[in-house]
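Structure data follow from work_32.cif (mmCIF, C-alpha atoms):
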data_model
#
loop_
_atom_site.group_PDB
_atom_site.id
_atom_site.type_symbol
_atom_site.label_atom_id
_atom_site.label_comp_id
_atom_site.auth_asym_id
_atom_site.auth_seq_id
_atom_site.Cartn_x
_atom_site.Cartn_y
_atom_site.Cartn_z
ATOM 1 C CA MET A 25 0.394 4.457 -34.681
ATOM 2 C CA GLN A 26 2.425 1.306 -34.205
ATOM 3 C CA CYS A 27 1.304 -2.058 -32.757
ATOM 4 C CA GLY A 28 -1.171 -2.246 -29.926
ATOM 5 C CA TRP A 29 -4.240 -0.845 -31.705
ATOM 6 C CA PRO A 30 -6.694 -2.869 -29.581
ATOM 7 C CA LEU A 31 -4.998 -1.602 -26.425
ATOM 8 C CA LEU A 32 -5.426 2.091 -27.253
ATOM 9 C CA GLY A 33 -9.110 2.280 -26.354
ATOM 10 C CA PRO A 34 -12.041 4.389 -27.581
ATOM 11 C CA LEU A 35 -10.688 7.808 -26.621
ATOM 12 C CA GLN A 36 -7.559 7.273 -28.718
ATOM 13 C CA TRP A 37 -9.496 5.664 -31.581
ATOM 14 C CA MET A 38 -11.752 8.724 -31.863
ATOM 15 C CA ARG A 39 -8.728 10.733 -33.016
ATOM 16 C CA TYR A 40 -8.740 8.681 -36.234
ATOM 17 C CA VAL A 41 -12.487 8.817 -36.992
ATOM 18 C CA ASN A 42 -13.501 10.873 -40.075
ATOM 19 C CA LYS A 43 -9.936 10.794 -41.376
ATOM 20 C CA GLN A 44 -8.486 9.022 -44.377
ATOM 21 C CA VAL A 45 -6.196 6.322 -43.044
ATOM 22 C CA LYS A 46 -3.834 3.627 -44.215
ATOM 23 C CA VAL A 47 -4.161 0.427 -42.187
ATOM 24 C CA LYS A 48 -1.526 -2.292 -42.203
ATOM 25 C CA ALA A 49 -2.962 -5.655 -41.208
ATOM 26 C CA GLY A 50 -1.163 -8.944 -41.547
ATOM 27 C CA LYS A 51 2.099 -9.385 -43.431
ATOM 28 C CA ASP A 52 1.248 -7.849 -46.798
ATOM 29 C CA GLU A 53 -2.236 -6.432 -46.236
ATOM 30 C CA GLU A 54 -2.805 -2.710 -46.562
ATOM 31 C CA ARG A 55 -6.181 -0.980 -46.667
ATOM 32 C CA ARG A 56 -6.990 2.666 -47.279
ATOM 33 C CA GLY A 57 -10.213 4.516 -46.666
ATOM 34 C CA TRP A 58 -12.108 6.991 -44.532
ATOM 35 C CA LEU A 59 -12.452 5.688 -40.982
ATOM 36 C CA LEU A 60 -16.174 5.734 -40.202
ATOM 37 C CA THR A 61 -16.080 4.082 -36.785
ATOM 38 C CA VAL A 62 -14.254 1.625 -34.555
ATOM 39 C CA ASP A 63 -16.053 -1.205 -32.799
ATOM 40 C CA PRO A 64 -15.454 -0.655 -29.064
ATOM 41 C CA VAL A 65 -15.405 -4.397 -28.259
ATOM 42 C CA SER A 66 -13.276 -5.884 -31.034
ATOM 43 C CA ALA A 67 -11.329 -2.722 -32.054
ATOM 44 C CA SER A 68 -12.316 -3.474 -35.670
ATOM 45 C CA LEU A 69 -12.149 -0.544 -38.070
ATOM 46 C CA VAL A 70 -14.876 0.323 -40.581
ATOM 47 C CA LEU A 71 -13.370 1.957 -43.666
ATOM 48 C CA VAL A 72 -15.436 3.681 -46.349
ATOM 49 C CA ASN A 73 -14.339 4.514 -49.891
ATOM 50 C CA PHE A 74 -16.601 6.668 -52.034
ATOM 51 C CA GLY A 75 -17.121 5.796 -55.686
ATOM 52 C CA GLU A 76 -17.453 8.080 -58.679
ATOM 53 C CA ASP A 77 -21.251 8.066 -58.417
ATOM 54 C CA GLU A 78 -22.740 10.275 -55.692
ATOM 55 C CA GLY A 79 -24.602 7.462 -53.939
ATOM 56 C CA ARG A 80 -21.897 4.795 -54.184
ATOM 57 C CA ALA A 81 -19.667 3.715 -51.308
ATOM 58 C CA SER A 82 -17.742 0.566 -50.502
ATOM 59 C CA VAL A 83 -17.225 -0.589 -46.941
ATOM 60 C CA GLN A 84 -14.373 -2.660 -45.577
ATOM 61 C CA VAL A 85 -14.018 -4.007 -42.058
ATOM 62 C CA VAL A 86 -10.516 -4.597 -40.752
ATOM 63 C CA MET A 87 -10.527 -6.865 -37.728
ATOM 64 C CA GLY A 88 -8.980 -5.165 -34.715
ATOM 65 C CA HIS A 89 -6.696 -8.041 -33.732
ATOM 66 C CA ALA A 90 -5.070 -7.961 -37.180
ATOM 67 C CA VAL A 91 -4.227 -4.238 -37.149
ATOM 68 C CA GLU A 92 -0.497 -3.599 -37.013
ATOM 69 C CA GLU A 93 -0.348 0.084 -37.895
ATOM 70 C CA VAL A 94 -2.751 2.959 -38.594
ATOM 71 C CA GLU A 95 -1.501 6.071 -40.361
ATOM 72 C CA VAL A 96 -3.543 9.235 -40.978
ATOM 73 C CA LEU A 97 -3.300 10.300 -44.610
ATOM 74 C CA GLN A 98 -5.741 13.198 -44.730
ATOM 75 C CA GLU A 99 -8.183 15.144 -42.578
ATOM 76 C CA ALA A 100 -11.789 15.201 -43.797
ATOM 77 C CA ASP A 101 -13.247 18.454 -45.086
ATOM 78 C CA GLU A 102 -16.832 19.442 -44.185
ATOM 79 C CA GLU A 103 -18.298 17.790 -47.286
ATOM 80 C CA THR A 104 -16.553 14.466 -46.632
ATOM 81 C CA THR A 105 -17.537 14.476 -42.945
ATOM 82 C CA GLU A 106 -21.168 15.126 -43.895
ATOM 83 C CA ARG A 107 -21.054 12.387 -46.518
ATOM 84 C CA LEU A 108 -19.605 9.901 -44.005
ATOM 85 C CA GLN A 109 -22.279 10.726 -41.443
ATOM 86 C CA THR A 110 -25.214 10.493 -43.857
ATOM 87 C CA SER A 111 -24.142 7.703 -46.223
ATOM 88 C CA PHE A 112 -25.808 4.954 -44.236
ATOM 89 C CA LEU A 113 -29.006 6.718 -43.211
ATOM 90 C CA PRO A 114 -32.290 5.814 -44.897
ATOM 91 C CA PRO A 115 -32.948 8.194 -47.828
ATOM 92 C CA GLU A 116 -36.026 9.726 -46.163
ATOM 93 C CA THR A 117 -34.112 10.737 -43.041
ATOM 94 C CA ARG A 118 -31.502 12.605 -45.054
ATOM 95 C CA THR A 119 -33.899 14.894 -46.891
ATOM 96 C CA LEU A 120 -36.685 15.737 -44.455
ATOM 97 C CA ASP A 121 -36.598 19.079 -42.730
ATOM 98 C CA PRO A 122 -38.077 19.637 -39.243
ATOM 99 C CA ALA A 123 -41.299 21.138 -40.659
ATOM 100 C CA GLU A 124 -41.884 18.070 -42.853
ATOM 101 C CA LEU A 125 -41.243 15.755 -39.894
ATOM 102 C CA ARG A 126 -43.805 17.729 -37.828
ATOM 103 C CA ARG A 127 -46.364 17.374 -40.640
ATOM 104 C CA ARG A 128 -45.725 13.638 -40.889
ATOM 105 C CA ARG A 129 -45.942 13.183 -37.117
ATOM 106 C CA GLY A 130 -49.217 15.117 -37.037
ATOM 107 C CA GLY A 131 -50.632 13.178 -39.983
ATOM 108 C CA VAL A 132 -49.793 9.803 -38.469
ATOM 109 C CA ARG A 133 -51.185 10.910 -35.106
ATOM 110 C CA ARG A 134 -54.494 12.045 -36.668
ATOM 111 C CA TRP A 135 -54.704 8.835 -38.714
ATOM 112 C CA LEU A 136 -54.210 6.653 -35.637
ATOM 113 C CA GLU A 137 -56.716 8.688 -33.610
ATOM 114 C CA LYS A 138 -59.216 8.457 -36.475
ATOM 115 C CA ASN A 139 -58.795 4.686 -36.231
ATOM 116 C CA ARG A 140 -59.454 4.886 -32.473
ATOM 117 C CA PHE A 141 -55.945 4.351 -31.107
ATOM 118 C CA PRO A 142 -54.868 6.499 -28.126
ATOM 119 C CA VAL A 143 -51.780 8.495 -29.130
ATOM 120 C CA GLU A 144 -49.529 10.798 -27.115
ATOM 121 C CA GLU A 145 -46.607 12.893 -28.339
ATOM 122 C CA GLU A 146 -43.412 12.689 -26.313
ATOM 123 C CA GLY A 147 -40.879 14.972 -27.936
ATOM 124 C CA ASP A 148 -40.312 13.720 -31.478
ATOM 125 C CA GLU A 149 -41.878 10.330 -30.741
ATOM 126 C CA LEU A 150 -45.453 9.104 -30.836
ATOM 127 C CA LYS A 151 -46.561 6.677 -28.090
ATOM 128 C CA VAL A 152 -49.516 4.463 -29.011
ATOM 129 C CA ALA A 153 -51.570 2.896 -26.210
ATOM 130 C CA GLY A 154 -48.513 3.085 -23.964
ATOM 131 C CA VAL A 155 -46.988 0.014 -25.622
ATOM 132 C CA LEU A 156 -45.694 1.174 -29.018
ATOM 133 C CA THR A 157 -43.290 3.941 -30.073
ATOM 134 C CA ILE A 158 -43.078 5.558 -33.515
ATOM 135 C CA THR A 159 -39.943 7.553 -34.339
ATOM 136 C CA ALA A 160 -39.113 9.862 -37.254
ATOM 137 C CA PRO A 161 -39.774 9.714 -40.170
ATOM 138 C CA TYR A 162 -42.965 7.973 -38.934
ATOM 139 C CA GLY A 163 -43.246 5.130 -41.419
ATOM 140 C CA PRO A 164 -44.194 1.487 -40.786
ATOM 141 C CA GLU A 165 -40.537 0.561 -40.291
ATOM 142 C CA ASP A 166 -40.197 3.207 -37.553
ATOM 143 C CA CYS A 167 -42.548 1.406 -35.114
ATOM 144 C CA TYR A 168 -41.150 -0.350 -32.047
ATOM 145 C CA SER A 169 -43.002 -2.539 -29.544
ATOM 146 C CA SER A 170 -42.537 -5.760 -27.632
ATOM 147 C CA ASN A 171 -46.199 -6.591 -28.359
ATOM 148 C CA GLN A 172 -46.017 -8.220 -31.798
ATOM 149 C CA ILE A 173 -49.801 -8.119 -32.381
ATOM 150 C CA ILE A 174 -50.078 -4.362 -31.796
ATOM 151 C CA LEU A 175 -46.868 -3.739 -33.739
ATOM 152 C CA ASP A 176 -48.247 -5.606 -36.753
ATOM 153 C CA ARG A 177 -51.612 -3.801 -36.642
ATOM 154 C CA ILE A 178 -50.105 -0.318 -36.344
ATOM 155 C CA GLN A 179 -47.563 -0.999 -39.101
ATOM 156 C CA LYS A 180 -50.357 -2.120 -41.431
ATOM 157 C CA LEU A 181 -52.420 0.931 -40.529
ATOM 158 C CA ILE A 182 -49.528 3.299 -41.254
ATOM 159 C CA GLN A 183 -48.811 1.426 -44.497
ATOM 160 C CA ASN A 184 -52.445 2.034 -45.511
ATOM 161 C CA LEU A 185 -51.984 5.750 -44.818
ATOM 162 C CA VAL A 186 -48.818 5.812 -46.935
ATOM 163 C CA GLN A 187 -50.636 4.059 -49.799
ATOM 164 C CA LEU A 188 -53.615 6.432 -49.588
ATOM 165 C CA GLN A 189 -51.554 9.624 -49.272
ATOM 166 C CA PRO A 190 -47.919 8.923 -50.313
ATOM 167 C CA ASP A 191 -46.998 12.575 -50.848
ATOM 168 C CA HIS A 192 -49.104 14.162 -48.135
ATOM 169 C CA PRO A 193 -49.332 12.003 -44.990
ATOM 170 C CA GLU A 194 -50.284 15.106 -43.036
ATOM 171 C CA THR A 195 -53.804 15.084 -44.483
ATOM 172 C CA ASP A 196 -56.508 12.674 -43.457
ATOM 173 C CA PRO A 197 -57.749 10.561 -46.353
ATOM 174 C CA ALA A 198 -61.389 11.249 -47.215
#
Can you present the structure in this file as structure tokens?
Amino acid sequence: MQCGWPLLGPLQWMRYVNKQVKVKAGKDEERRGWLLTVDPVSASLVLVNFGEDEGRASVQVVMGHAVEEVEVLQEADEETTERLQTSFLPPETRTLDPAELRRRRGGVRRWLEKNRFPVEEEGDELKVAGVLTITAPYGPEDCYSSNQIILDRIQKLIQNLVQLQPDHPETDPA
């Protein structure tokens, strides 16, 4: 791809995602890596290079306005695509199967109900008192609400559950 990277648009950029690319930016700048994503506003590229260690990755951002040329070097195999998609997820999200998520959701729901909070399940989310949402994997950091007081109280309550039952949040503490 020659000049005009920012002008291509998202549909064209998607053709480069999950591929190893060589990006020329500036006079003597050249970057190589797996294209993780392209920012739709600035056309900036996010390149990932995996290290020797399984959990290691380096990230480079190439500003869209500086891109002069993008060349595909290699298509990603299934393993590389999976690694790109999961590299930046929290560790818990990567390893939990649907049954474990159901157990966690049920455990958090019972814990909140035991502490007299009204809880409803809506799909994979828990709604607390109609003003707070808890998403998978149902930890304190997975709570969302515009009411800071309720958010703080529920996060502390879930943190107490995690401290009481770190391995088995599906059981009510005695």
Hey, what's within 9 Å of segment 145-147 of chain A if we count all atoms listed in the file and toss same-chain stuff fewer than 4 positions away? As an mmCIF file with C-alpha atoms, in the frame of the given file, please?
data_model
loop_
_atom_site.group_PDB
_atom_site.id
_atom_site.type_symbol
_atom_site.label_atom_id
_atom_site.label_comp_id
_atom_site.auth_asym_id
_atom_site.auth_seq_id
_atom_site.Cartn_x
_atom_site.Cartn_y
_atom_site.Cartn_z
ATOM 1 C CA ARG A 129 -45.942 13.183 -37.117
ATOM 2 C CA ARG A 133 -51.185 10.910 -35.106
ATOM 3 C CA LYS A 151 -46.561 6.677 -28.090
ATOM 4 C CA VAL A 152 -49.516 4.463 -29.011
#
For atom CA of Ile174 of chain A and atom CA of Val155 of chain A, the interatomic separation in Å (one decimal): 8.2 Å
For atom CA of Gln187 of chain A and atom CA of Tyr168 of chain A, the interatomic separation in Å (one decimal):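 Between these atoms lies a distance of 20.6 Å.
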Å distance separating atom CA of Gly50 of chain A from atom CA of Val62 of chain A, one decimal place: 18.2 Å
Selection: 8 Å around segment 64-78 of chain A, only C-alpha atoms, excl. self and same-chain fewer than 4 positions, as a ChimeraX atom specification: /A:29-30,33-34,56-60,82-89,108
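Remark: for Gln44 of chain A, the closest of the candidate residues A:Gln98, A:Ser111, A:Thr157, A:Gln179 is A:Gln98 (distances computed over all atoms listed in the file).
With only C-alpha atoms as the atoms that count, the minimum distance from Asp148 of chain A to the choices A:Phe112, A:Tyr162, A:Tyr40, A:Trp135 is reached by A:Tyr162.
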A:Glu54, A:Leu31, A:Pro161, A:Ala153 ranked by distance to Glu124 of chain A, top pick (using all atoms listed in the file):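 Going through A:Glu54, A:Leu31, A:Pro161, A:Ala153 one by one, the smallest distance to Glu124 of chain A is for A:Pro161.
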Counting all atoms listed in the file, the residue of A:Ala123, A:Val41, A:Ile178, A:Leu188 that sits nearest Pro142 of chain A: A:Ile178
Distance criterion (only C-alpha atoms): nearest to Thr104 of chain A out of A:Arg177, A:Lys43, A:Arg134, A:Lys51: A:Lys43
A:Gln172, A:Val47, A:Gln36, A:Pro164 ranked by distance to Asn184 of chain A, top pick (using only C-alpha atoms):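 When distances to Asn184 of chain A are compared using only C-alpha atoms, the smallest one comes from A:Pro164.
For Ser169 of chain A, the set of protein, DNA and RNA residues having any atom at most 6 Å away, when counting all atoms listed in the file and skipping those fewer than 2 positions along the same chain, is Leu156, Asn171 and Leu175 of chain A.
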Residues of the last selection are to be written out with C-alpha atoms, as a PDB file, in the coordinates of the input.
ATOM      1  CA  LEU A 156     -45.694   1.174 -29.018  1.00  0.00           C
ATOM      2  CA  ASN A 171     -46.199  -6.591 -28.359  1.00  0.00           C
ATOM      3  CA  LEU A 175     -46.868  -3.739 -33.739  1.00  0.00           C
TER       4      LEU A 175
END
Ground truth for the PyMOL selection byres ((chain A and resi 48) around 8), written as a list in words: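 Selected by the PyMOL selection byres ((chain A and resi 48) around 8) here: Lys46, Val47, Ala49, Gly50, Asp52, Glu53, Glu54, Arg55, Val91, Glu92, Glu93 and Val94 of chain A.
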